[in-house]
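Enquirer: Dropping a structure here in structure tokens format, bear with me for questions.
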Amino acid sequence: MIQRHFSIALVGLILGLLLVLQFRTANQQEPAVPGDRAHELTVELKALTTERAGLESVARDLEGKLARARLGYVQAEETIKAQIREAAVLAGMTRVAGPGVRVIITSRTGATPPGAIFAVRDEDLLKLVNELRAAEAEALSINGQRLISTSAIRLAGSHINVNLQRITPPYEILAIGDPIALRNSLEIKGGLVETMRDWGMDVTIETQNRIVIPPFKRPLVYDYTEPVAEASH
Amino acid sequence: MRLGILMAGIGLVLGVAVGLHLPLVFPQAYGKYIGLAMLAALDSVFGGVRASMEDRFDNAIFLSGFFANALLAAGLVFVGDRLGVELYTAAIVAFGVRLFQNLGVIRRRLLKK
């Protein structure tokens, strides 16, 4: 009889076992996430994933813009550098080369040459430079002294100073510009060079395909001048 | 014929004692299965006690009934989870109804003696 009922005890044992274990499980673990909560979280996850994808595309877009901006920055820097180079050329701070004329003026040699009335004076050089500038010479130098916007040519004692530097004969004027126009402006009939030759100076004019003119060698500093913003109209 | 009740009580006490000394914890996901297994065991125990009171207890019927019911209930839970329909409520209702029926019979028998 007892043996036959042993299976009831067995099932009872299983029941007790399951009861205790499940009781422990339910107490030890966090309550399971309810189904609707799980659904809610899934929806939220999906929304956040979409949002993340959107933000990533925005980030890519912005990175592209940043790269373009950097590129623009580099280009702007290049432009500024180019402008600085150009300004340096215009200001006469760089060695420049180009077609032009070479003018050499000397007082006629010999102690009292027959035709020599005057020695070369500062005014002669000034007039020559003026003539060349009128013929749109872009760069000028006298005996290696670059002529810039502040250059002066003046007589100092028995010498001529250019850029406050003493220069000695023979005087060599280099000019970059249209060689034919420069030459014609000097050699025009009744013009300056004819007059100078009449006064007994030797003036040689050579047109050259490539003339190299040195830069202005001293620092160019304005102590008194400052830029003024242009009045808007 | 209180032997059935006695055996069931002994089994239950033993099971609780063993369970308290086992460091086992079920995964949370199996909660439904454990619950239904408990219901099946409870149903079988009540059924067994009733049968033994009526003197028609059969070991084979008892054990096969316990396992077959437990398996069917587990199958319902499994299929229900896959389909998204809570089919296991059928097992819960069936077990519950039988539990109270058996309890009623056992009660009457105990009172009539």
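How things are named: the first chain in the structure tokens is A, the next is B, and so on; residues count from 1 in each chain; ligands count from 1 in the order shown.
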Give me, as CSV, each residue of chain A that comes within 8 Å of chain B, together with its shortest interatomic pair and the distance in Å at one decimal, counting only C-alpha atoms, with rows ordered by chain and rising residue number.
Expert:
residue,atom,partner,partner_atom,distance
A:Ile2,CA,B:Leu3,CA,7.7
A:Arg4,CA,B:Asn59,CA,6.2
A:His5,CA,B:Gly4,CA,6.4
A:Phe6,CA,B:Met7,CA,6.9
A:Ser7,CA,B:Asn59,CA,6.8
A:Ile8,CA,B:Ala8,CA,5.6
A:Ala9,CA,B:Gly11,CA,4.1
A:Leu10,CA,B:Gly11,CA,5.9
A:Val11,CA,B:Ala41,CA,5.9
A:Gly12,CA,B:Gly11,CA,4.5
A:Leu13,CA,B:Gly15,CA,4.0
A:Ile14,CA,B:Gly15,CA,6.1
A:Leu15,CA,B:Ala41,CA,5.6
A:Gly16,CA,B:Gly15,CA,4.3
A:Leu17,CA,B:Gly15,CA,4.4
A:Leu18,CA,B:Met38,CA,6.4
A:Leu19,CA,B:Met38,CA,6.9
A:Val20,CA,B:Gly19,CA,5.6
A:Leu21,CA,B:Gly19,CA,6.0
A:Gln22,CA,B:Phe26,CA,7.0
A:Arg24,CA,B:Val25,CA,6.9
A:Thr25,CA,B:Val25,CA,5.3
A:Ala26,CA,B:Gln28,CA,7.9
A:Gln29,CA,B:Gln28,CA,7.5
A:Ala32,CA,B:Gln28,CA,7.0
Enquirer: Near Val93 (chain B), within 12 Å and counting only C-alpha atoms, which residues show up once chain neighbours fewer than 5 positions away are dropped, as a PyMOL selection string?
Expert: chain B and resi 36+39-40+43+73+87-88+98-100
Enquirer: For N, CA and C atoms, I'd like the residues from the last selection saved as a compact mmCIF listing (two decimals), in the first residue's frame.
Expert:
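Listing of selection_27.txt after writing:
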# COMPACT_ATOMS: atom_id res chain seq x y z
N LEU B 36 3.05 26.53 -14.12
CA LEU B 36 2.17 25.49 -14.63
C LEU B 36 2.58 24.11 -14.13
N LEU B 39 1.16 23.82 -10.80
CA LEU B 39 -0.28 23.54 -10.89
C LEU B 39 -0.54 22.09 -11.25
N ALA B 40 0.24 21.57 -12.22
CA ALA B 40 0.06 20.17 -12.64
C ALA B 40 0.35 19.24 -11.48
N ASP B 43 -2.46 19.49 -9.01
CA ASP B 43 -3.63 18.76 -9.54
C ASP B 43 -3.46 17.27 -9.36
N ALA B 73 0.57 21.21 -20.70
CA ALA B 73 0.56 22.61 -20.21
C ALA B 73 1.79 23.36 -20.72
N LEU B 87 -2.26 30.99 -24.53
CA LEU B 87 -2.99 29.72 -24.55
C LEU B 87 -2.97 29.03 -23.20
N TYR B 88 -1.93 29.30 -22.39
CA TYR B 88 -1.76 28.55 -21.15
C TYR B 88 -2.86 28.84 -20.15
N ARG B 98 -10.32 21.45 -11.81
CA ARG B 98 -10.14 20.09 -11.29
C ARG B 98 -9.66 20.11 -9.85
N LEU B 99 -8.77 21.08 -9.55
CA LEU B 99 -8.28 21.21 -8.18
C LEU B 99 -9.45 21.36 -7.20
N PHE B 100 -10.35 22.31 -7.53
CA PHE B 100 -11.45 22.57 -6.58
C PHE B 100 -12.44 21.43 -6.55
Enquirer: Please list as number ranges by chain every residue within 6 Å of Gly100 (chain A), counting only C-alpha atoms and excluding residues in the same chain fewer than 4 positions away.
Expert: A: 175-177, 179, 207-208
Enquirer: Can you pull out every residue from region 18-204 of chain A that DSSP, working from the backbone, puts in strand (DSSP E or B), and format the result as a count of residues only?
Expert: 40
Enquirer: Return the single residue from A:Ala76, A:Phe216, A:Lys127, A:Arg52 that is closest to Ala139 (chain A), with distances computed using only C-alpha atoms.
Expert: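 Counting only C-alpha atoms, the residue closest to Ala139 (chain A) is A:Phe216.
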